[in-house]
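Report on the structure given below.
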Amino acid sequence: MDAIRGPDAGTLLIRALRSNASAAGITMQVATITCTPWASATFVGTLHRLTIAVDPVPGLRDWIDGLPEAEFAMRRHIVADLTVDGIATINDREHVTIAVLTLIDA
């Protein structure tokens with residue numbers, strides 16, 4: 001995090017995911033995250049690949065299934081695309097792998 005500019009897109013994304021999960025009664029932890037700069041002819045952003053660990057609670061599958069269509073509040077960024085790439089059970093926890101494209105919203 002840059003003290004002058006504030007949190008980066010990865011930090012904002014994690015905060016937004018946690019807020020969304022909390023609203024659904026789910027506690028999540030980020031197991032892994034990678035952030036890669038991304039650009040097209042008209043947009044600039046970041047491609048994030050995350051694995052989040054969650055306890056298997058009622059409503060978890062509905063929350064996971066709703067992630068691609070969910071709205072996330074992120075200052076100066078928007079979630080342009082989110083895909084759930086996989087779900088694995090490890091040590092009695094669900095590990096959900098997602099890819100998220102965030103774009104700078106100037």
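Chain labels A, B, ... are given in the sequence in which chains occur in the structure tokens; within each chain residues are numbered consecutively from 1, and ligands are likewise numbered from 1 in the order shown.
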
Skipping near chain neighbours, those fewer than 6 positions away, what residues fall within 12 Å of segment 31-44 of chain A using only C-alpha atoms, listed as a PDB file with all heavy atoms, in the first residue's frame?
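Everything below was put into result_21.pdb:
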ATOM      1  N   ASP A   8      -3.809  -0.619  -3.048  1.00  0.00           N
ATOM      2  CA  ASP A   8      -3.816  -1.021  -4.451  1.00  0.00           C
ATOM      3  C   ASP A   8      -5.066  -1.844  -4.758  1.00  0.00           C
ATOM      4  O   ASP A   8      -5.865  -2.152  -3.876  1.00  0.00           O
ATOM      5  CB  ASP A   8      -2.539  -1.780  -4.792  1.00  0.00           C
ATOM      6  CG  ASP A   8      -2.400  -3.089  -4.031  1.00  0.00           C
ATOM      7  OD1 ASP A   8      -3.345  -3.506  -3.318  1.00  0.00           O
ATOM      8  OD2 ASP A   8      -1.336  -3.707  -4.141  1.00  0.00           O
ATOM      9  N   ALA A   9      -5.232  -2.186  -6.023  1.00  0.00           N
ATOM     10  CA  ALA A   9      -6.422  -2.917  -6.465  1.00  0.00           C
ATOM     11  C   ALA A   9      -6.549  -4.278  -5.775  1.00  0.00           C
ATOM     12  O   ALA A   9      -7.652  -4.706  -5.452  1.00  0.00           O
ATOM     13  CB  ALA A   9      -6.406  -3.093  -7.978  1.00  0.00           C
ATOM     14  N   GLY A  10      -5.432  -4.960  -5.527  1.00  0.00           N
ATOM     15  CA  GLY A  10      -5.480  -6.259  -4.846  1.00  0.00           C
ATOM     16  C   GLY A  10      -6.017  -6.141  -3.435  1.00  0.00           C
ATOM     17  O   GLY A  10      -6.856  -6.941  -3.002  1.00  0.00           O
ATOM     18  N   THR A  11      -5.564  -5.135  -2.707  1.00  0.00           N
ATOM     19  CA  THR A  11      -6.042  -4.914  -1.343  1.00  0.00           C
ATOM     20  C   THR A  11      -7.524  -4.543  -1.343  1.00  0.00           C
ATOM     21  O   THR A  11      -8.305  -5.054  -0.537  1.00  0.00           O
ATOM     22  CB  THR A  11      -5.216  -3.794  -0.672  1.00  0.00           C
ATOM     23  OG1 THR A  11      -3.853  -4.188  -0.639  1.00  0.00           O
ATOM     24  CG2 THR A  11      -5.701  -3.509   0.740  1.00  0.00           C
ATOM     25  N   LEU A  13      -9.700  -5.348  -3.603  1.00  0.00           N
ATOM     26  CA  LEU A  13     -10.455  -6.539  -3.990  1.00  0.00           C
ATOM     27  C   LEU A  13     -10.649  -7.468  -2.802  1.00  0.00           C
ATOM     28  O   LEU A  13     -11.746  -7.972  -2.568  1.00  0.00           O
ATOM     29  CB  LEU A  13      -9.758  -7.270  -5.139  1.00  0.00           C
ATOM     30  CG  LEU A  13     -10.412  -8.577  -5.572  1.00  0.00           C
ATOM     31  CD1 LEU A  13     -11.823  -8.344  -6.083  1.00  0.00           C
ATOM     32  CD2 LEU A  13      -9.557  -9.255  -6.630  1.00  0.00           C
ATOM     33  N   ILE A  14      -9.596  -7.699  -2.045  1.00  0.00           N
ATOM     34  CA  ILE A  14      -9.715  -8.571  -0.867  1.00  0.00           C
ATOM     35  C   ILE A  14     -10.729  -7.999   0.114  1.00  0.00           C
ATOM     36  O   ILE A  14     -11.573  -8.724   0.649  1.00  0.00           O
ATOM     37  CB  ILE A  14      -8.340  -8.773  -0.201  1.00  0.00           C
ATOM     38  CG1 ILE A  14      -7.443  -9.627  -1.107  1.00  0.00           C
ATOM     39  CG2 ILE A  14      -8.481  -9.424   1.170  1.00  0.00           C
ATOM     40  CD1 ILE A  14      -5.997  -9.662  -0.678  1.00  0.00           C
ATOM     41  N   LEU A  50      -6.777 -15.628  -7.157  1.00  0.00           N
ATOM     42  CA  LEU A  50      -6.832 -15.848  -5.712  1.00  0.00           C
ATOM     43  C   LEU A  50      -7.314 -17.248  -5.395  1.00  0.00           C
ATOM     44  O   LEU A  50      -8.131 -17.813  -6.121  1.00  0.00           O
ATOM     45  CB  LEU A  50      -7.832 -14.899  -5.043  1.00  0.00           C
ATOM     46  CG  LEU A  50      -7.638 -13.416  -5.123  1.00  0.00           C
ATOM     47  CD1 LEU A  50      -8.424 -12.839  -6.262  1.00  0.00           C
ATOM     48  CD2 LEU A  50      -8.072 -12.802  -3.823  1.00  0.00           C
ATOM     49  N   THR A  51      -6.825 -17.770  -4.292  1.00  0.00           N
ATOM     50  CA  THR A  51      -7.412 -18.937  -3.672  1.00  0.00           C
ATOM     51  C   THR A  51      -7.851 -18.483  -2.293  1.00  0.00           C
ATOM     52  O   THR A  51      -7.044 -17.953  -1.518  1.00  0.00           O
ATOM     53  CB  THR A  51      -6.419 -20.102  -3.563  1.00  0.00           C
ATOM     54  OG1 THR A  51      -5.983 -20.453  -4.886  1.00  0.00           O
ATOM     55  CG2 THR A  51      -7.070 -21.315  -2.913  1.00  0.00           C
ATOM     56  N   ILE A  52      -9.141 -18.649  -2.027  1.00  0.00           N
ATOM     57  CA  ILE A  52      -9.668 -18.276  -0.725  1.00  0.00           C
ATOM     58  C   ILE A  52     -10.107 -19.534   0.007  1.00  0.00           C
ATOM     59  O   ILE A  52     -10.628 -20.469  -0.596  1.00  0.00           O
ATOM     60  CB  ILE A  52     -10.815 -17.258  -0.835  1.00  0.00           C
ATOM     61  CG1 ILE A  52     -11.919 -17.754  -1.766  1.00  0.00           C
ATOM     62  CG2 ILE A  52     -10.293 -15.913  -1.318  1.00  0.00           C
ATOM     63  CD1 ILE A  52     -13.111 -16.833  -1.855  1.00  0.00           C
ATOM     64  N   ALA A  53      -9.852 -19.555   1.300  1.00  0.00           N
ATOM     65  CA  ALA A  53     -10.223 -20.698   2.135  1.00  0.00           C
ATOM     66  C   ALA A  53     -11.431 -20.317   2.984  1.00  0.00           C
ATOM     67  O   ALA A  53     -11.443 -19.250   3.599  1.00  0.00           O
ATOM     68  CB  ALA A  53      -9.054 -21.090   3.029  1.00  0.00           C
ATOM     69  N   VAL A  54     -12.436 -21.172   2.986  1.00  0.00           N
ATOM     70  CA  VAL A  54     -13.656 -20.929   3.745  1.00  0.00           C
ATOM     71  C   VAL A  54     -14.098 -22.222   4.426  1.00  0.00           C
ATOM     72  O   VAL A  54     -13.862 -23.318   3.920  1.00  0.00           O
ATOM     73  CB  VAL A  54     -14.791 -20.388   2.847  1.00  0.00           C
ATOM     74  CG1 VAL A  54     -14.473 -19.003   2.334  1.00  0.00           C
ATOM     75  CG2 VAL A  54     -15.068 -21.304   1.683  1.00  0.00           C
ATOM     76  N   ARG A  76     -12.239   3.681  -7.076  1.00  0.00           N
ATOM     77  CA  ARG A  76     -11.450   3.937  -8.283  1.00  0.00           C
ATOM     78  C   ARG A  76     -11.163   2.685  -9.124  1.00  0.00           C
ATOM     79  O   ARG A  76     -10.306   2.709  -9.995  1.00  0.00           O
ATOM     80  CB  ARG A  76     -10.148   4.661  -7.956  1.00  0.00           C
ATOM     81  CG  ARG A  76     -10.385   6.029  -7.359  1.00  0.00           C
ATOM     82  CD  ARG A  76      -9.143   6.784  -7.035  1.00  0.00           C
ATOM     83  NE  ARG A  76      -7.972   5.935  -6.875  1.00  0.00           N
ATOM     84  CZ  ARG A  76      -6.734   6.315  -7.167  1.00  0.00           C
ATOM     85  NH1 ARG A  76      -6.507   7.493  -7.619  1.00  0.00           N
ATOM     86  NH2 ARG A  76      -5.728   5.498  -6.978  1.00  0.00           N
ATOM     87  N   HIS A  77     -11.866   1.599  -8.858  1.00  0.00           N
ATOM     88  CA  HIS A  77     -11.701   0.359  -9.626  1.00  0.00           C
ATOM     89  C   HIS A  77     -13.067  -0.296  -9.788  1.00  0.00           C
ATOM     90  O   HIS A  77     -13.952  -0.110  -8.956  1.00  0.00           O
ATOM     91  CB  HIS A  77     -10.771  -0.631  -8.913  1.00  0.00           C
ATOM     92  CG  HIS A  77      -9.396  -0.109  -8.701  1.00  0.00           C
ATOM     93  ND1 HIS A  77      -8.390  -0.250  -9.631  1.00  0.00           N
ATOM     94  CD2 HIS A  77      -8.849   0.571  -7.666  1.00  0.00           C
ATOM     95  CE1 HIS A  77      -7.284   0.311  -9.172  1.00  0.00           C
ATOM     96  NE2 HIS A  77      -7.543   0.822  -7.980  1.00  0.00           N
ATOM     97  N   ILE A  78     -13.212  -1.066 -10.844  1.00  0.00           N
ATOM     98  CA  ILE A  78     -14.417  -1.870 -11.018  1.00  0.00           C
ATOM     99  C   ILE A  78     -14.007  -3.311 -11.322  1.00  0.00           C
ATOM    100  O   ILE A  78     -12.930  -3.562 -11.866  1.00  0.00           O
ATOM    101  CB  ILE A  78     -15.325  -1.334 -12.144  1.00  0.00           C
ATOM    102  CG1 ILE A  78     -14.589  -1.323 -13.489  1.00  0.00           C
ATOM    103  CG2 ILE A  78     -15.853   0.047 -11.816  1.00  0.00           C
ATOM    104  CD1 ILE A  78     -15.481  -1.062 -14.675  1.00  0.00           C
ATOM    105  N   ALA A  80     -14.488  -6.082 -13.643  1.00  0.00           N
ATOM    106  CA  ALA A  80     -14.985  -6.270 -15.004  1.00  0.00           C
ATOM    107  C   ALA A  80     -15.362  -7.720 -15.276  1.00  0.00           C
ATOM    108  O   ALA A  80     -16.268  -7.996 -16.068  1.00  0.00           O
ATOM    109  CB  ALA A  80     -13.942  -5.809 -16.011  1.00  0.00           C
ATOM    110  N   ILE A  90      -9.674 -29.174   1.262  1.00  0.00           N
ATOM    111  CA  ILE A  90      -8.364 -29.448   1.853  1.00  0.00           C
ATOM    112  C   ILE A  90      -8.476 -29.243   3.353  1.00  0.00           C
ATOM    113  O   ILE A  90      -8.836 -28.158   3.806  1.00  0.00           O
ATOM    114  CB  ILE A  90      -7.280 -28.516   1.260  1.00  0.00           C
ATOM    115  CG1 ILE A  90      -7.220 -28.655  -0.266  1.00  0.00           C
ATOM    116  CG2 ILE A  90      -5.918 -28.797   1.894  1.00  0.00           C
ATOM    117  CD1 ILE A  90      -6.378 -27.608  -0.955  1.00  0.00           C
ATOM    118  N   ARG A  93     -11.667 -27.713   4.797  1.00  0.00           N
ATOM    119  CA  ARG A  93     -12.023 -26.358   4.352  1.00  0.00           C
ATOM    120  C   ARG A  93     -12.139 -26.365   2.840  1.00  0.00           C
ATOM    121  O   ARG A  93     -11.455 -27.121   2.156  1.00  0.00           O
ATOM    122  CB  ARG A  93     -10.969 -25.334   4.778  1.00  0.00           C
ATOM    123  CG  ARG A  93     -10.842 -25.222   6.288  1.00  0.00           C
ATOM    124  CD  ARG A  93     -10.023 -24.040   6.686  1.00  0.00           C
ATOM    125  NE  ARG A  93     -10.921 -22.876   6.744  1.00  0.00           N
ATOM    126  CZ  ARG A  93     -10.494 -21.624   6.729  1.00  0.00           C
ATOM    127  NH1 ARG A  93      -9.221 -21.350   6.628  1.00  0.00           N
ATOM    128  NH2 ARG A  93     -11.349 -20.627   6.808  1.00  0.00           N
ATOM    129  N   GLU A  94     -12.997 -25.510   2.354  1.00  0.00           N
ATOM    130  CA  GLU A  94     -13.139 -25.361   0.908  1.00  0.00           C
ATOM    131  C   GLU A  94     -12.146 -24.301   0.434  1.00  0.00           C
ATOM    132  O   GLU A  94     -12.061 -23.220   1.022  1.00  0.00           O
ATOM    133  CB  GLU A  94     -14.563 -24.951   0.544  1.00  0.00           C
ATOM    134  CG  GLU A  94     -15.620 -25.951   0.966  1.00  0.00           C
ATOM    135  CD  GLU A  94     -15.458 -27.304   0.318  1.00  0.00           C
ATOM    136  OE1 GLU A  94     -15.158 -27.367  -0.897  1.00  0.00           O
ATOM    137  OE2 GLU A  94     -15.624 -28.310   1.019  1.00  0.00           O
ATOM    138  N   HIS A  95     -11.406 -24.634  -0.603  1.00  0.00           N
ATOM    139  CA  HIS A  95     -10.467 -23.693  -1.210  1.00  0.00           C
ATOM    140  C   HIS A  95     -11.011 -23.352  -2.597  1.00  0.00           C
ATOM    141  O   HIS A  95     -11.090 -24.216  -3.471  1.00  0.00           O
ATOM    142  CB  HIS A  95      -9.065 -24.296  -1.296  1.00  0.00           C
ATOM    143  CG  HIS A  95      -8.383 -24.353   0.026  1.00  0.00           C
ATOM    144  ND1 HIS A  95      -8.782 -25.188   1.042  1.00  0.00           N
ATOM    145  CD2 HIS A  95      -7.352 -23.642   0.520  1.00  0.00           C
ATOM    146  CE1 HIS A  95      -8.004 -24.999   2.098  1.00  0.00           C
ATOM    147  NE2 HIS A  95      -7.139 -24.060   1.803  1.00  0.00           N
ATOM    148  N   VAL A  96     -11.390 -22.093  -2.760  1.00  0.00           N
ATOM    149  CA  VAL A  96     -12.033 -21.630  -3.981  1.00  0.00           C
ATOM    150  C   VAL A  96     -11.023 -20.795  -4.757  1.00  0.00           C
ATOM    151  O   VAL A  96     -10.499 -19.805  -4.242  1.00  0.00           O
ATOM    152  CB  VAL A  96     -13.287 -20.791  -3.653  1.00  0.00           C
ATOM    153  CG1 VAL A  96     -14.000 -20.379  -4.935  1.00  0.00           C
ATOM    154  CG2 VAL A  96     -14.224 -21.551  -2.714  1.00  0.00           C
ATOM    155  N   THR A  97     -10.751 -21.198  -5.993  1.00  0.00           N
ATOM    156  CA  THR A  97      -9.818 -20.472  -6.843  1.00  0.00           C
ATOM    157  C   THR A  97     -10.623 -19.604  -7.792  1.00  0.00           C
ATOM    158  O   THR A  97     -11.520 -20.104  -8.488  1.00  0.00           O
ATOM    159  CB  THR A  97      -8.925 -21.449  -7.626  1.00  0.00           C
ATOM    160  OG1 THR A  97      -8.251 -22.299  -6.700  1.00  0.00           O
ATOM    161  CG2 THR A  97      -7.906 -20.700  -8.464  1.00  0.00           C
ATOM    162  N   ILE A  98     -10.320 -18.302  -7.801  1.00  0.00           N
ATOM    163  CA  ILE A  98     -11.040 -17.377  -8.661  1.00  0.00           C
ATOM    164  C   ILE A  98     -10.049 -16.507  -9.442  1.00  0.00           C
ATOM    165  O   ILE A  98      -8.913 -16.301  -9.013  1.00  0.00           O
ATOM    166  CB  ILE A  98     -12.021 -16.479  -7.871  1.00  0.00           C
ATOM    167  CG1 ILE A  98     -11.286 -15.633  -6.827  1.00  0.00           C
ATOM    168  CG2 ILE A  98     -13.112 -17.299  -7.220  1.00  0.00           C
ATOM    169  CD1 ILE A  98     -12.192 -14.633  -6.108  1.00  0.00           C
ATOM    170  N   ALA A  99     -10.508 -16.044 -10.588  1.00  0.00           N
ATOM    171  CA  ALA A  99      -9.751 -15.078 -11.388  1.00  0.00           C
ATOM    172  C   ALA A  99     -10.622 -13.837 -11.497  1.00  0.00           C
ATOM    173  O   ALA A  99     -11.831 -13.938 -11.785  1.00  0.00           O
ATOM    174  CB  ALA A  99      -9.433 -15.635 -12.765  1.00  0.00           C
ATOM    175  N   VAL A 100     -10.038 -12.687 -11.239  1.00  0.00           N
ATOM    176  CA  VAL A 100     -10.784 -11.434 -11.244  1.00  0.00           C
ATOM    177  C   VAL A 100     -10.019 -10.388 -12.048  1.00  0.00           C
ATOM    178  O   VAL A 100      -8.829 -10.168 -11.807  1.00  0.00           O
ATOM    179  CB  VAL A 100     -11.001 -10.905  -9.802  1.00  0.00           C
ATOM    180  CG1 VAL A 100     -11.856  -9.653  -9.824  1.00  0.00           C
ATOM    181  CG2 VAL A 100     -11.603 -11.973  -8.903  1.00  0.00           C
ATOM    182  N   LEU A 101     -10.702  -9.772 -12.997  1.00  0.00           N
ATOM    183  CA  LEU A 101     -10.121  -8.670 -13.737  1.00  0.00           C
ATOM    184  C   LEU A 101     -10.703  -7.377 -13.184  1.00  0.00           C
ATOM    185  O   LEU A 101     -11.927  -7.178 -13.224  1.00  0.00           O
ATOM    186  CB  LEU A 101     -10.423  -8.778 -15.235  1.00  0.00           C
ATOM    187  CG  LEU A 101      -9.958  -7.607 -16.098  1.00  0.00           C
ATOM    188  CD1 LEU A 101      -8.431  -7.465 -16.051  1.00  0.00           C
ATOM    189  CD2 LEU A 101     -10.444  -7.770 -17.518  1.00  0.00           C
ATOM    190  N   THR A 102      -9.842  -6.519 -12.643  1.00  0.00           N
ATOM    191  CA  THR A 102     -10.276  -5.210 -12.189  1.00  0.00           C
ATOM    192  C   THR A 102      -9.728  -4.161 -13.146  1.00  0.00           C
ATOM    193  O   THR A 102      -8.628  -4.312 -13.680  1.00  0.00           O
ATOM    194  CB  THR A 102      -9.809  -4.886 -10.752  1.00  0.00           C
ATOM    195  OG1 THR A 102      -8.372  -4.914 -10.692  1.00  0.00           O
ATOM    196  CG2 THR A 102     -10.381  -5.879  -9.749  1.00  0.00           C
ATOM    197  N   LEU A 103     -10.544  -3.124 -13.371  1.00  0.00           N
ATOM    198  CA  LEU A 103     -10.135  -2.040 -14.256  1.00  0.00           C
ATOM    199  C   LEU A 103     -10.109  -0.734 -13.477  1.00  0.00           C
ATOM    200  O   LEU A 103     -10.919  -0.535 -12.566  1.00  0.00           O
ATOM    201  CB  LEU A 103     -11.109  -1.900 -15.424  1.00  0.00           C
ATOM    202  CG  LEU A 103     -11.295  -3.121 -16.313  1.00  0.00           C
ATOM    203  CD1 LEU A 103     -12.365  -2.860 -17.367  1.00  0.00           C
ATOM    204  CD2 LEU A 103      -9.973  -3.520 -16.959  1.00  0.00           C
ATOM    205  N   ILE A 104      -9.190   0.130 -13.846  1.00  0.00           N
ATOM    206  CA  ILE A 104      -9.129   1.442 -13.213  1.00  0.00           C
ATOM    207  C   ILE A 104     -10.324   2.252 -13.724  1.00  0.00           C
ATOM    208  O   ILE A 104     -10.584   2.324 -14.919  1.00  0.00           O
ATOM    209  CB  ILE A 104      -7.809   2.159 -13.547  1.00  0.00           C
ATOM    210  CG1 ILE A 104      -6.639   1.372 -12.925  1.00  0.00           C
ATOM    211  CG2 ILE A 104      -7.830   3.592 -13.046  1.00  0.00           C
ATOM    212  CD1 ILE A 104      -5.272   1.891 -13.318  1.00  0.00           C
ATOM    213  N   ASP A 105     -11.059   2.829 -12.787  1.00  0.00           N
ATOM    214  CA  ASP A 105     -12.239   3.636 -13.088  1.00  0.00           C
ATOM    215  C   ASP A 105     -11.915   5.077 -12.738  1.00  0.00           C
ATOM    216  O   ASP A 105     -12.156   5.527 -11.631  1.00  0.00           O
ATOM    217  CB  ASP A 105     -13.437   3.131 -12.291  1.00  0.00           C
ATOM    218  CG  ASP A 105     -14.722   3.836 -12.648  1.00  0.00           C
ATOM    219  OD1 ASP A 105     -14.829   4.344 -13.771  1.00  0.00           O
ATOM    220  OD2 ASP A 105     -15.627   3.858 -11.804  1.00  0.00           O
ATOM    221  N   ALA A 106     -11.304   5.783 -13.684  1.00  0.00           N
ATOM    222  CA  ALA A 106     -10.801   7.131 -13.394  1.00  0.00           C
ATOM    223  C   ALA A 106     -11.864   8.178 -13.345  1.00  0.00           C
ATOM    224  O   ALA A 106     -12.875   8.244 -13.791  1.00  0.00           O
ATOM    225  CB  ALA A 106      -9.761   7.531 -14.433  1.00  0.00           C
TER     226      ALA A 106
END

Within 12 Å of Ala70 of chain A, counting only C-alpha atoms, which residues qualify if same-chain residues fewer than 4 places away don't, as a PDB file with C-alpha atoms, in the first residue's frame?
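The resulting selection_4.pdb:
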ATOM      1  CA  ALA A  16     -14.598  -6.191  -1.132  1.00  0.00           C
ATOM      2  CA  LEU A  17     -14.587 -10.009  -1.196  1.00  0.00           C
ATOM      3  CA  SER A  19     -17.343  -7.701   2.876  1.00  0.00           C
ATOM      4  CA  ASN A  20     -19.398  -9.696   0.378  1.00  0.00           C
ATOM      5  CA  ALA A  21     -18.633 -12.958   2.182  1.00  0.00           C
ATOM      6  CA  ALA A  23     -22.826 -10.285   4.331  1.00  0.00           C
ATOM      7  CA  ALA A  24     -23.524 -13.924   3.408  1.00  0.00           C
ATOM      8  CA  ASP A  62     -24.892 -20.315  -3.165  1.00  0.00           C
ATOM      9  CA  TRP A  63     -22.330 -17.632  -2.289  1.00  0.00           C
ATOM     10  CA  ILE A  64     -19.707 -19.219  -4.552  1.00  0.00           C
ATOM     11  CA  ASP A  65     -22.209 -19.600  -7.401  1.00  0.00           C
ATOM     12  CA  GLY A  66     -23.196 -15.932  -7.050  1.00  0.00           C
ATOM     13  CA  ILE A  78     -14.417  -1.870 -11.018  1.00  0.00           C
ATOM     14  CA  VAL A  79     -14.652  -5.635 -11.281  1.00  0.00           C
ATOM     15  CA  ALA A  80     -14.985  -6.270 -15.004  1.00  0.00           C
ATOM     16  CA  ASP A  81     -14.932 -10.072 -14.855  1.00  0.00           C
ATOM     17  CA  LEU A  82     -14.866 -12.771 -12.181  1.00  0.00           C
ATOM     18  CA  THR A  83     -14.705 -16.509 -12.785  1.00  0.00           C
ATOM     19  CA  VAL A 100     -10.784 -11.434 -11.244  1.00  0.00           C
TER      20      VAL A 100
END

When you count only C-alpha atoms, which of these residues is closest to Arg61 of chain A: A:Arg18, A:Ile87, A:Thr46, A:Val30? A:Ile87
